[in-house]
$ cat upload_33.pdb   # PDB, C-alpha atoms, pLDDT in the B column
ATOM      1  CA  ARG A  25      11.102   4.265   3.969  1.00 45.00           C
ATOM      2  CA  ASP A  26       9.457   1.817   6.314  1.00 46.00           C
ATOM      3  CA  VAL A  27      10.768   3.022   9.668  1.00 45.00           C
ATOM      4  CA  GLY A  28      10.014  -0.228  11.425  1.00 57.00           C
ATOM      5  CA  GLU A  29      13.157  -0.624  13.506  1.00 62.00           C
ATOM      6  CA  ASN A  30      12.228  -1.139  17.168  1.00 69.00           C
ATOM      7  CA  GLU A  31       8.504  -0.658  16.546  1.00 70.00           C
ATOM      8  CA  PRO A  32       6.515   0.686  18.277  1.00 68.00           C
ATOM      9  CA  ARG A  33       9.452   2.681  19.659  1.00 72.00           C
ATOM     10  CA  ILE A  34      10.567   4.086  16.327  1.00 76.00           C
ATOM     11  CA  SER A  35      13.471   6.474  16.229  1.00 78.00           C
ATOM     12  CA  ALA A  36      12.315  10.093  16.135  1.00 81.00           C
ATOM     13  CA  ASP A  37      15.722  10.985  14.677  1.00 85.00           C
ATOM     14  CA  THR A  38      15.250   8.523  11.808  1.00 83.00           C
ATOM     15  CA  LEU A  39      11.714   9.766  11.197  1.00 84.00           C
ATOM     16  CA  ARG A  40      12.986  13.349  10.972  1.00 87.00           C
ATOM     17  CA  ARG A  41      15.612  12.326   8.393  1.00 89.00           C
ATOM     18  CA  VAL A  42      13.389  10.371   5.987  1.00 88.00           C
ATOM     19  CA  ARG A  43      11.283  12.047   3.330  1.00 89.00           C
ATOM     20  CA  TYR A  44       8.352   9.658   3.868  1.00 86.00           C
ATOM     21  CA  GLY A  45       7.795   7.210   6.669  1.00 83.00           C
ATOM     22  CA  THR A  46       5.050   4.674   7.302  1.00 79.00           C
ATOM     23  CA  PRO A  47       4.436   2.159  10.034  1.00 76.00           C
ATOM     24  CA  HIS A  48       5.390  -1.364   9.012  1.00 72.00           C
ATOM     25  CA  ILE A  49       2.386  -2.279   6.842  1.00 67.00           C
ATOM     26  CA  ALA A  50       3.341  -5.587   5.242  1.00 63.00           C
ATOM     27  CA  GLY A  51       0.214  -7.696   5.270  1.00 63.00           C
ATOM     28  CA  TYR A  52      -2.040  -4.714   5.934  1.00 64.00           C
ATOM     29  CA  SER A  53      -3.395  -4.479   2.402  1.00 67.00           C
ATOM     30  CA  HIS A  54      -6.845  -5.937   1.842  1.00 68.00           C
ATOM     31  CA  ASP A  55      -5.244  -8.607  -0.326  1.00 71.00           C
ATOM     32  CA  GLY A  56      -2.631  -9.446   2.308  1.00 73.00           C
ATOM     33  CA  LYS A  57      -5.375  -9.993   4.876  1.00 74.00           C
ATOM     34  CA  VAL A  58      -7.412 -12.138   2.467  1.00 77.00           C
ATOM     35  CA  ASN A  59      -4.358 -14.222   1.527  1.00 76.00           C
ATOM     36  CA  GLY A  60      -3.392 -14.673   5.175  1.00 80.00           C
ATOM     37  CA  THR A  61      -6.916 -15.706   6.072  1.00 80.00           C
ATOM     38  CA  ALA A  62      -6.987 -18.158   3.159  1.00 82.00           C
ATOM     39  CA  MET A  63      -3.722 -19.731   4.308  1.00 84.00           C
ATOM     40  CA  VAL A  64      -5.099 -20.255   7.828  1.00 87.00           C
ATOM     41  CA  PHE A  65      -8.388 -21.606   6.408  1.00 87.00           C
ATOM     42  CA  ASP A  66      -6.586 -24.021   4.084  1.00 86.00           C
ATOM     43  CA  ALA A  67      -4.304 -25.264   6.896  1.00 89.00           C
ATOM     44  CA  CYS A  68      -7.272 -25.803   9.241  1.00 90.00           C
ATOM     45  CA  MET A  69      -9.230 -27.709   6.607  1.00 88.00           C
ATOM     46  CA  LYS A  70      -6.197 -29.875   5.852  1.00 89.00           C
ATOM     47  CA  ALA A  71      -5.615 -30.568   9.562  1.00 92.00           C
ATOM     48  CA  LEU A  72      -9.287 -31.509   9.975  1.00 91.00           C
ATOM     49  CA  GLY A  73      -9.258 -33.652   6.843  1.00 92.00           C
ATOM     50  CA  VAL A  74     -12.014 -31.577   5.269  1.00 90.00           C
ATOM     51  CA  ASP A  75     -12.140 -30.837   1.543  1.00 88.00           C
ATOM     52  CA  ALA A  76     -13.635 -27.359   1.946  1.00 80.00           C
ATOM     53  CA  ILE A  77     -12.686 -24.670  -0.531  1.00 78.00           C
ATOM     54  CA  TRP A  78     -12.952 -20.971   0.169  1.00 75.00           C
ATOM     55  CA  ASP A  79     -14.280 -19.062  -2.806  1.00 74.00           C
ATOM     56  CA  ARG A  80     -11.937 -16.105  -3.148  1.00 68.00           C
ATOM     57  CA  ALA A  81     -14.118 -14.750  -5.942  1.00 67.00           C
ATOM     58  CA  GLN A  82     -16.256 -13.231  -3.193  1.00 70.00           C
ATOM     59  CA  VAL A  83     -13.508 -10.691  -2.480  1.00 71.00           C
ATOM     60  CA  PRO A  84     -14.737  -7.293  -3.694  1.00 76.00           C
ATOM     61  CA  PRO A  85     -12.984  -5.593  -6.606  1.00 80.00           C
ATOM     62  CA  PRO A  86     -10.654  -2.658  -5.942  1.00 83.00           C
ATOM     63  CA  LEU A  87     -12.170   0.812  -5.745  1.00 85.00           C
ATOM     64  CA  ILE A  88     -10.223   1.768  -8.882  1.00 90.00           C
ATOM     65  CA  PRO A  89      -9.919  -1.309 -11.126  1.00 93.00           C
ATOM     66  CA  PHE A  90      -8.888   0.645 -14.258  1.00 96.00           C
ATOM     67  CA  LEU A  91      -7.088   3.894 -15.031  1.00 95.00           C
ATOM     68  CA  GLU A  92      -5.998   5.501 -18.257  1.00 96.00           C
ATOM     69  CA  VAL A  93      -2.610   7.076 -17.678  1.00 96.00           C
ATOM     70  CA  SER A  94      -1.039   9.758 -19.797  1.00 95.00           C
ATOM     71  CA  PRO A  95       1.605  12.269 -18.773  1.00 96.00           C
ATOM     72  CA  LEU A  96       0.565  15.848 -18.245  1.00 95.00           C
ATOM     73  CA  PRO A  97       2.479  18.456 -20.305  1.00 95.00           C
ATOM     74  CA  ASN A  98       6.147  18.476 -19.223  1.00 95.00           C
ATOM     75  CA  GLU A  99       5.495  15.833 -16.548  1.00 96.00           C
ATOM     76  CA  THR A 100       8.468  13.542 -15.949  1.00 96.00           C
ATOM     77  CA  ARG A 101       8.145   9.761 -15.804  1.00 96.00           C
ATOM     78  CA  ALA A 102       8.809   9.845 -12.056  1.00 96.00           C
ATOM     79  CA  ALA A 103       6.088  12.459 -11.564  1.00 97.00           C
ATOM     80  CA  VAL A 104       3.548  10.388 -13.533  1.00 97.00           C
ATOM     81  CA  ILE A 105       4.331   7.319 -11.428  1.00 96.00           C
ATOM     82  CA  ARG A 106       4.116   9.318  -8.203  1.00 94.00           C
ATOM     83  CA  ARG A 107       0.756  10.808  -9.250  1.00 96.00           C
ATOM     84  CA  ILE A 108      -0.782   7.409 -10.003  1.00 96.00           C
ATOM     85  CA  VAL A 109       0.710   5.624  -7.001  1.00 93.00           C
ATOM     86  CA  THR A 110      -0.441   8.410  -4.673  1.00 91.00           C
ATOM     87  CA  LEU A 111      -3.940   8.278  -6.166  1.00 92.00           C
ATOM     88  CA  LEU A 112      -4.207   4.554  -5.407  1.00 90.00           C
ATOM     89  CA  TYR A 113      -2.350   4.628  -2.089  1.00 86.00           C
ATOM     90  CA  PRO A 114      -2.036   8.059  -0.439  1.00 87.00           C
ATOM     91  CA  PHE A 115       1.124   7.153   1.463  1.00 85.00           C
ATOM     92  CA  THR A 116       1.662  10.803   2.358  1.00 88.00           C
ATOM     93  CA  SER A 117      -1.326  10.481   4.721  1.00 89.00           C
ATOM     94  CA  ASP A 118       0.424   7.570   6.447  1.00 86.00           C
ATOM     95  CA  ASP A 119       3.508   9.746   6.767  1.00 90.00           C
ATOM     96  CA  GLU A 120       1.537  12.634   8.295  1.00 91.00           C
ATOM     97  CA  ARG A 121      -0.195  10.339  10.776  1.00 88.00           C
ATOM     98  CA  LEU A 122       3.098   8.694  11.740  1.00 88.00           C
ATOM     99  CA  ARG A 123       4.796  12.056  12.306  1.00 90.00           C
ATOM    100  CA  ALA A 124       2.285  12.758  15.091  1.00 89.00           C
ATOM    101  CA  ILE A 125       4.633  10.586  17.157  1.00 86.00           C
ATOM    102  CA  LEU A 126       7.152  13.435  17.065  1.00 87.00           C
ATOM    103  CA  THR A 127       4.783  15.586  19.134  1.00 90.00           C
ATOM    104  CA  ALA A 128       3.856  12.874  21.650  1.00 89.00           C
ATOM    105  CA  PRO A 129       4.596  13.927  25.231  1.00 91.00           C
ATOM    106  CA  ASP A 130       6.266  10.621  26.113  1.00 88.00           C
ATOM    107  CA  GLU A 131       7.137   7.148  24.844  1.00 84.00           C
ATOM    108  CA  THR A 132       3.874   5.631  26.099  1.00 87.00           C
ATOM    109  CA  ALA A 133       1.810   8.170  24.158  1.00 89.00           C
ATOM    110  CA  ALA A 134       3.982   7.616  21.076  1.00 86.00           C
ATOM    111  CA  GLY A 135       3.350   3.869  21.371  1.00 85.00           C
ATOM    112  CA  ARG A 136      -0.410   4.471  21.540  1.00 88.00           C
ATOM    113  CA  ILE A 137      -0.274   6.644  18.421  1.00 87.00           C
ATOM    114  CA  PHE A 138       1.690   3.963  16.594  1.00 85.00           C
ATOM    115  CA  ASP A 139      -0.644   1.201  17.756  1.00 85.00           C
ATOM    116  CA  ASP A 140      -3.644   3.242  16.601  1.00 87.00           C
ATOM    117  CA  LEU A 141      -2.076   3.639  13.151  1.00 85.00           C
ATOM    118  CA  ARG A 142      -1.792  -0.119  12.794  1.00 80.00           C
ATOM    119  CA  LYS A 143      -5.236  -0.942  14.235  1.00 81.00           C
ATOM    120  CA  ASN A 144      -7.061   1.636  12.095  1.00 83.00           C
ATOM    121  CA  TYR A 145      -5.162   1.269   8.868  1.00 80.00           C
ATOM    122  CA  PRO A 146      -7.254   2.370   5.844  1.00 78.00           C
ATOM    123  CA  GLU A 147      -8.241  -0.291   3.332  1.00 76.00           C
ATOM    124  CA  ARG A 148      -5.721  -0.567   0.544  1.00 77.00           C
ATOM    125  CA  ARG A 149      -5.564  -2.925  -2.439  1.00 79.00           C
ATOM    126  CA  GLU A 150      -2.401  -4.182  -4.087  1.00 82.00           C
ATOM    127  CA  TRP A 151      -1.520  -2.686  -7.453  1.00 86.00           C
ATOM    128  CA  GLN A 152      -1.824  -5.973  -9.336  1.00 87.00           C
ATOM    129  CA  HIS A 153      -5.598  -5.507  -9.178  1.00 86.00           C
ATOM    130  CA  THR A 154      -5.522  -2.228 -11.080  1.00 92.00           C
ATOM    131  CA  ARG A 155      -5.210  -2.303 -14.845  1.00 95.00           C
ATOM    132  CA  LEU A 156      -3.551   0.714 -16.433  1.00 96.00           C
ATOM    133  CA  LYS A 157      -3.911   1.819 -20.027  1.00 96.00           C
ATOM    134  CA  VAL A 158      -0.710   3.747 -20.638  1.00 95.00           C
ATOM    135  CA  VAL A 159      -0.991   6.394 -23.356  1.00 93.00           C
ATOM    136  CA  SER A 160       2.456   7.885 -23.780  1.00 92.00           C
ATOM    137  CA  ASP A 161       5.349   8.396 -26.170  1.00 90.00           C
ATOM    138  CA  ASP A 162       7.595   7.212 -23.297  1.00 92.00           C
ATOM    139  CA  ALA A 163       7.934   3.486 -24.004  1.00 85.00           C
ATOM    140  CA  GLY A 164       9.551   2.943 -20.619  1.00 94.00           C
ATOM    141  CA  LEU A 165       6.570   4.291 -18.675  1.00 95.00           C
ATOM    142  CA  ALA A 166       4.463   1.152 -19.188  1.00 95.00           C
ATOM    143  CA  ASP A 167       7.472  -0.999 -18.232  1.00 95.00           C
ATOM    144  CA  ALA A 168       7.977   1.021 -15.061  1.00 96.00           C
ATOM    145  CA  PHE A 169       4.356   0.504 -14.003  1.00 96.00           C
ATOM    146  CA  ARG A 170       4.574  -3.191 -14.921  1.00 95.00           C
ATOM    147  CA  GLY A 171       7.647  -3.457 -12.716  1.00 96.00           C
ATOM    148  CA  LEU A 172       5.609  -2.092  -9.811  1.00 94.00           C
ATOM    149  CA  GLY A 173       3.079  -4.885 -10.285  1.00 93.00           C
ATOM    150  CA  PHE A 174       0.336  -3.183 -12.279  1.00 95.00           C
ATOM    151  CA  GLN A 175      -1.502  -4.935 -15.107  1.00 94.00           C
ATOM    152  CA  ILE A 176      -0.725  -2.989 -18.279  1.00 95.00           C
ATOM    153  CA  GLU A 177      -2.830  -2.378 -21.346  1.00 88.00           C
ATOM    154  CA  THR A 178      -0.913  -0.474 -23.982  1.00 67.00           C
ATOM    155  CA  ALA A 179      -2.573   2.086 -26.202  1.00 61.00           C
ATOM    156  CA  GLY A 180      -2.805   1.252 -29.839  1.00 54.00           C
TER     157      GLY A 180
END
$ encode --input "upload_33.pdb" --output "structure tokens"
Amino acid sequence: RDVGENEPRISADTLRRVRYGTPHIAGYSHDGKVNGTAMVFDACMKALGVDAIWDRAQVPPPLIPFLEVSPLPNETRAAVIRRIVTLLYPFTSDDERLRAILTAPDETAAGRIFDDLRKNYPERREWQHTRLKVVSDDAGLADAFRGLGFQIETAG
């Protein structure tokens, strides 16, 4: 759960009740920053009457552009998805860092911890840039990954 209510003064009670919590990170992916920058660039060029084009092809590829995915013995669909998602975005690290707020001596210190999380957010790419080759008897597994935004290559 994104525990963004009243950020940076998030509710310690809410944080204790959720299984995983992260600071509000919309727009903090590498791709979100690039897209936001491109929107500002395009608007500035339009306002200035300049026909400049920003070459987005210069954006580096993701660290993991391709993965072959197959369930481990007795691994459930949910466990496979969790394993792959956690590999590409270790959200449990965000959760651990956010929970440091629970040990802050006061609200000001908690706010500094939260602010530091946002300012030093690790680089993360969106899942649409990772192609998965799904090797599984579970026909719904590829659909589940596709629904999360991954590019899918089916085995065959």
$ residues_around --input "upload_33.pdb" --residues "Phe174 (chain A)" --least-positions-apart "3" --cutoff "7 Å" --atoms "only C-alpha atoms" --output "MDAnalysis selection string"
chainID A and resid 151:152 154:156 169:170
$ atom_distance --input "upload_33.pdb" --atom1 "CA of Lys157 (chain A)" --atom2 "CA of Asp119 (chain A)"
28.9 Å
$ closest_residue --input "upload_33.pdb" --among "A:Phe65, A:Gly135, A:His153, A:Arg148" --to "Pro114 (chain A)" --atoms "all atoms listed in the file"
A:Arg148
$ atom_distance --input "upload_33.pdb" --atom1 "CA of Thr100 (chain A)" --atom2 "CA of Val159 (chain A)"
14.0 Å
$ atom_distance --input "upload_33.pdb" --atom1 "CA of Ala163 (chain A)" --atom2 "CA of Tyr113 (chain A)"
24.2 Å
$ closest_residue --input "upload_33.pdb" --among "A:Met69, A:Asp55, A:Ala168, A:Arg149" --to "Leu87 (chain A)" --atoms "all atoms listed in the file"
A:Arg149
$ resolve_selection --input "upload_33.pdb" --expression "the PyMOL selection byres ((chain A and resi 91) around 10)" --output "list in words"
Ile88, Pro89, Phe90, Glu92, Val93, Ser94, Ile108, Thr154, Arg155, Leu156, Lys157, Val158, Ile176 and Glu177 of chain A
$ closest_residue --input "upload_33.pdb" --among "A:Ala103, A:His48, A:Asp75, A:Asn59" --to "Ile34 (chain A)" --atoms "only C-alpha atoms"
A:His48
$ closest_residue --input "upload_33.pdb" --among "A:Leu172, A:Val83, A:Asp161, A:Ile137" --to "Glu120 (chain A)" --atoms "only C-alpha atoms"
A:Ile137
$ resolve_selection --input "upload_33.pdb" --expression "the PyMOL selection byres ((chain A and resi 139) around 12)" --output "PyMOL selection string"
chain A and resi 31-34+47-49+121-122+125+132-138+140-145
$ closest_residue --input "upload_33.pdb" --among "A:Ser160, A:Thr127, A:Ser35, A:Thr46" --to "Phe115 (chain A)" --atoms "only C-alpha atoms"
A:Thr46
$ closest_residue --input "upload_33.pdb" --among "A:Val58, A:Leu72, A:Val64, A:Ala102" --to "Pro84 (chain A)" --atoms "only C-alpha atoms"
A:Val58
$ build_atoms --input "upload_33.pdb" --residues "region 107-119 of chain A" --atoms "N, CA, C and O atoms" --output "PDB file, in the frame of the given file"
ATOM      1  N   ARG A 107       2.161  10.370  -9.204  1.00 96.00           N
ATOM      2  CA  ARG A 107       0.756  10.808  -9.250  1.00 96.00           C
ATOM      3  C   ARG A 107      -0.194   9.611  -9.189  1.00 96.00           C
ATOM      4  O   ARG A 107      -1.162   9.602  -8.424  1.00 96.00           O
ATOM      5  N   ILE A 108       0.100   8.570  -9.958  1.00 96.00           N
ATOM      6  CA  ILE A 108      -0.782   7.409 -10.003  1.00 96.00           C
ATOM      7  C   ILE A 108      -0.692   6.599  -8.712  1.00 96.00           C
ATOM      8  O   ILE A 108      -1.705   6.190  -8.129  1.00 96.00           O
ATOM      9  N   VAL A 109       0.528   6.376  -8.243  1.00 93.00           N
ATOM     10  CA  VAL A 109       0.710   5.624  -7.001  1.00 93.00           C
ATOM     11  C   VAL A 109       0.024   6.331  -5.834  1.00 93.00           C
ATOM     12  O   VAL A 109      -0.661   5.699  -5.024  1.00 93.00           O
ATOM     13  N   THR A 110       0.174   7.649  -5.761  1.00 91.00           N
ATOM     14  CA  THR A 110      -0.441   8.410  -4.673  1.00 91.00           C
ATOM     15  C   THR A 110      -1.966   8.396  -4.772  1.00 91.00           C
ATOM     16  O   THR A 110      -2.648   8.377  -3.756  1.00 91.00           O
ATOM     17  N   LEU A 111      -2.492   8.376  -5.984  1.00 92.00           N
ATOM     18  CA  LEU A 111      -3.940   8.278  -6.166  1.00 92.00           C
ATOM     19  C   LEU A 111      -4.464   6.961  -5.584  1.00 92.00           C
ATOM     20  O   LEU A 111      -5.487   6.931  -4.894  1.00 92.00           O
ATOM     21  N   LEU A 112      -3.756   5.875  -5.848  1.00 90.00           N
ATOM     22  CA  LEU A 112      -4.207   4.554  -5.407  1.00 90.00           C
ATOM     23  C   LEU A 112      -3.848   4.258  -3.952  1.00 90.00           C
ATOM     24  O   LEU A 112      -4.541   3.492  -3.290  1.00 90.00           O
ATOM     25  N   TYR A 113      -2.774   4.835  -3.466  1.00 86.00           N
ATOM     26  CA  TYR A 113      -2.350   4.628  -2.089  1.00 86.00           C
ATOM     27  C   TYR A 113      -1.742   5.934  -1.571  1.00 86.00           C
ATOM     28  O   TYR A 113      -0.577   6.220  -1.816  1.00 86.00           O
ATOM     29  N   PRO A 114      -2.529   6.756  -0.911  1.00 87.00           N
ATOM     30  CA  PRO A 114      -2.036   8.059  -0.439  1.00 87.00           C
ATOM     31  C   PRO A 114      -1.072   7.916   0.748  1.00 87.00           C
ATOM     32  O   PRO A 114      -1.402   8.219   1.887  1.00 87.00           O
ATOM     33  N   PHE A 115       0.129   7.429   0.423  1.00 85.00           N
ATOM     34  CA  PHE A 115       1.124   7.153   1.463  1.00 85.00           C
ATOM     35  C   PHE A 115       1.524   8.402   2.232  1.00 85.00           C
ATOM     36  O   PHE A 115       1.981   8.315   3.370  1.00 85.00           O
ATOM     37  N   THR A 116       1.316   9.576   1.640  1.00 88.00           N
ATOM     38  CA  THR A 116       1.662  10.803   2.358  1.00 88.00           C
ATOM     39  C   THR A 116       0.765  10.982   3.584  1.00 88.00           C
ATOM     40  O   THR A 116       1.188  11.570   4.573  1.00 88.00           O
ATOM     41  N   SER A 117      -0.447  10.440   3.538  1.00 89.00           N
ATOM     42  CA  SER A 117      -1.326  10.481   4.721  1.00 89.00           C
ATOM     43  C   SER A 117      -0.769   9.603   5.831  1.00 89.00           C
ATOM     44  O   SER A 117      -0.818   9.967   7.010  1.00 89.00           O
ATOM     45  N   ASP A 118      -0.220   8.435   5.454  1.00 86.00           N
ATOM     46  CA  ASP A 118       0.424   7.570   6.447  1.00 86.00           C
ATOM     47  C   ASP A 118       1.582   8.317   7.102  1.00 86.00           C
ATOM     48  O   ASP A 118       1.776   8.261   8.314  1.00 86.00           O
ATOM     49  N   ASP A 119       2.357   8.998   6.272  1.00 90.00           N
ATOM     50  CA  ASP A 119       3.508   9.746   6.767  1.00 90.00           C
ATOM     51  C   ASP A 119       3.061  10.824   7.761  1.00 90.00           C
ATOM     52  O   ASP A 119       3.628  10.951   8.852  1.00 90.00           O
TER      53      ASP A 119
END
